[in-house]
file start00.pdb (PDB, C-alpha atoms, pLDDT in the B column)
ATOM      1  CA  MET G  23      -1.654  -6.182  15.321  1.00 68.00           C
ATOM      2  CA  PRO G  24      -4.520  -7.660  17.362  1.00 78.00           C
ATOM      3  CA  ILE G  25      -5.006 -11.407  17.582  1.00 83.00           C
ATOM      4  CA  TYR G  26      -8.590 -12.673  17.601  1.00 85.00           C
ATOM      5  CA  GLU G  27      -9.626 -16.135  18.767  1.00 91.00           C
ATOM      6  CA  PHE G  28     -12.302 -18.095  16.903  1.00 93.00           C
ATOM      7  CA  GLN G  29     -14.053 -21.440  17.283  1.00 96.00           C
ATOM      8  CA  CYS G  30     -15.384 -23.445  14.359  1.00 97.00           C
ATOM      9  CA  LYS G  31     -19.056 -24.378  14.755  1.00 97.00           C
ATOM     10  CA  LYS G  32     -18.588 -27.395  12.479  1.00 97.00           C
ATOM     11  CA  CYS G  33     -15.573 -29.189  14.024  1.00 97.00           C
ATOM     12  CA  SER G  34     -15.126 -27.253  17.328  1.00 96.00           C
ATOM     13  CA  THR G  35     -11.501 -26.338  16.549  1.00 96.00           C
ATOM     14  CA  THR G  36     -10.284 -23.200  18.359  1.00 95.00           C
ATOM     15  CA  PHE G  37      -7.751 -21.060  16.481  1.00 94.00           C
ATOM     16  CA  ASP G  38      -6.225 -17.553  16.374  1.00 91.00           C
ATOM     17  CA  GLU G  39      -6.202 -15.054  13.511  1.00 87.00           C
ATOM     18  CA  LYS G  40      -4.141 -11.888  13.234  1.00 85.00           C
ATOM     19  CA  GLU G  41      -6.192  -9.071  11.736  1.00 78.00           C
ATOM     20  CA  THR G  42      -5.651  -5.347  11.480  1.00 80.00           C
ATOM     21  CA  PHE G  43      -8.421  -3.175  12.910  1.00 77.00           C
ATOM     22  CA  GLN G  44      -9.476  -2.314   9.336  1.00 80.00           C
ATOM     23  CA  GLU G  45      -9.730  -6.003   8.359  1.00 76.00           C
ATOM     24  CA  HIS G  46     -11.717  -6.805  11.480  1.00 70.00           C
ATOM     25  CA  ASP G  47     -14.139  -3.919  10.843  1.00 74.00           C
ATOM     26  CA  ARG G  48     -14.832  -5.240   7.327  1.00 77.00           C
ATOM     27  CA  HIS G  49     -15.531  -8.751   8.728  1.00 67.00           C
ATOM     28  CA  PRO G  50     -13.512 -10.834   6.269  1.00 70.00           C
ATOM     29  CA  ASP G  51     -14.440 -14.488   5.924  1.00 81.00           C
ATOM     30  CA  VAL G  52     -12.405 -16.400   8.476  1.00 87.00           C
ATOM     31  CA  LYS G  53     -11.797 -20.047   7.563  1.00 92.00           C
ATOM     32  CA  CYS G  54     -11.179 -22.865   9.985  1.00 94.00           C
ATOM     33  CA  PRO G  55      -7.654 -24.232   9.428  1.00 95.00           C
ATOM     34  CA  GLN G  56      -8.850 -27.761  10.272  1.00 96.00           C
ATOM     35  CA  CYS G  57     -11.935 -28.225   8.047  1.00 97.00           C
ATOM     36  CA  GLY G  58     -12.073 -25.040   5.925  1.00 94.00           C
ATOM     37  CA  SER G  59     -15.537 -24.018   7.142  1.00 95.00           C
ATOM     38  CA  THR G  60     -16.418 -20.315   7.347  1.00 93.00           C
ATOM     39  CA  ASP G  61     -19.062 -21.043  10.017  1.00 95.00           C
ATOM     40  CA  VAL G  62     -16.950 -19.714  12.889  1.00 94.00           C
ATOM     41  CA  GLU G  63     -17.690 -17.583  15.928  1.00 93.00           C
ATOM     42  CA  ARG G  64     -15.452 -15.210  17.805  1.00 88.00           C
ATOM     43  CA  VAL G  65     -14.398 -16.308  21.294  1.00 91.00           C
ATOM     44  CA  LEU G  66     -14.164 -13.544  23.887  1.00 86.00           C
ATOM     45  CA  THR G  67     -10.819 -13.545  25.680  1.00 78.00           C
ATOM     46  CA  LEU G  68      -9.268 -11.352  28.343  1.00 73.00           C
ATOM     47  CA  ALA G  69      -6.646  -8.821  27.351  1.00 71.00           C
ATOM     48  CA  GLY G  70      -3.599  -8.027  29.449  1.00 69.00           C
ATOM     49  CA  VAL G  71      -2.668  -4.379  29.917  1.00 69.00           C
ATOM     50  CA  LYS G  72       0.675  -3.069  31.164  1.00 73.00           C
ATOM     51  CA  THR G  73       1.243   0.544  32.137  1.00 78.00           C
ATOM     52  CA  ALA G  74       4.489   2.443  32.543  1.00 81.00           C
ATOM     53  CA  LYS G  75       3.574   4.027  35.890  1.00 77.00           C
ATOM     54  CA  LYS G  76       3.292   2.228  39.203  1.00 70.00           C
ATOM     55  CA  SER G  77      -0.116   2.470  40.858  1.00 60.00           C
TER
END
call {"tool": "encode", "arguments": {"input": "start00.pdb", "output": "structure tokens"}}
result
Amino acid sequence: MPIYEFQCKKCSTTFDEKETFQEHDRHPDVKCPQCGSTDVERVLTLAGVKTAKKS
């Protein structure tokens, strides 16, 4: 299950949310765990990728 990182625009708290791809596509209301605000924005983060074959 993917983990998405968000930042609250009200209190600047950064937090993670686990969402399935279906949940993320429907854009559920994400609430800040600190202040309860739904005024949050997604933070872009790098993803690590591991392959089975050596390059």
call {"tool": "closest_residue", "arguments": {"input": "start00.pdb", "among": "G:His46, G:Gln29, G:Pro24, G:Thr35", "to": "G:Arg64", "atoms": "all atoms listed in the file"}}
result
G:Gln29
call {"tool": "residues_around", "arguments": {"input": "start00.pdb", "residues": "G:Lys32", "least_positions_apart": "3", "cutoff": "8 Å", "atoms": "all atoms listed in the file", "output": "count of residues only"}}
result
3
call {"tool": "closest_residue", "arguments": {"input": "start00.pdb", "among": "G:Thr42, G:Ser34, G:Thr67, G:Thr73", "to": "G:Cys54", "atoms": "only C-alpha atoms"}}
result
G:Ser34
call {"tool": "residues_around", "arguments": {"input": "start00.pdb", "residues": "G:Tyr26", "least_positions_apart": "6", "cutoff": "8 Å", "atoms": "all atoms listed in the file", "output": "PyMOL selection string"}}
result
chain G and resi 38-41+64-65
call {"tool": "residues_near_point", "arguments": {"input": "start00.pdb", "point": "(-6.3, -20.3, 14.6)", "cutoff": "7 Å", "atoms": "only C-alpha atoms", "output": "JSON, numbers by chain"}}
result
{"G": [27, 28, 36, 37, 38, 39, 55]}
call {"tool": "atom_distance", "arguments": {"input": "start00.pdb", "atom1": "atom CA of G:Lys72", "atom2": "atom CA of G:Arg48"}}
result
28.5 Å
call {"tool": "atom_distance", "arguments": {"input": "start00.pdb", "atom1": "atom CA of G:Gln44", "atom2": "atom CA of G:Gly58"}}
result
23.1 Å
call {"tool": "atom_distance", "arguments": {"input": "start00.pdb", "atom1": "atom CA of G:Thr60", "atom2": "atom CA of G:Phe43"}}
result
19.7 Å
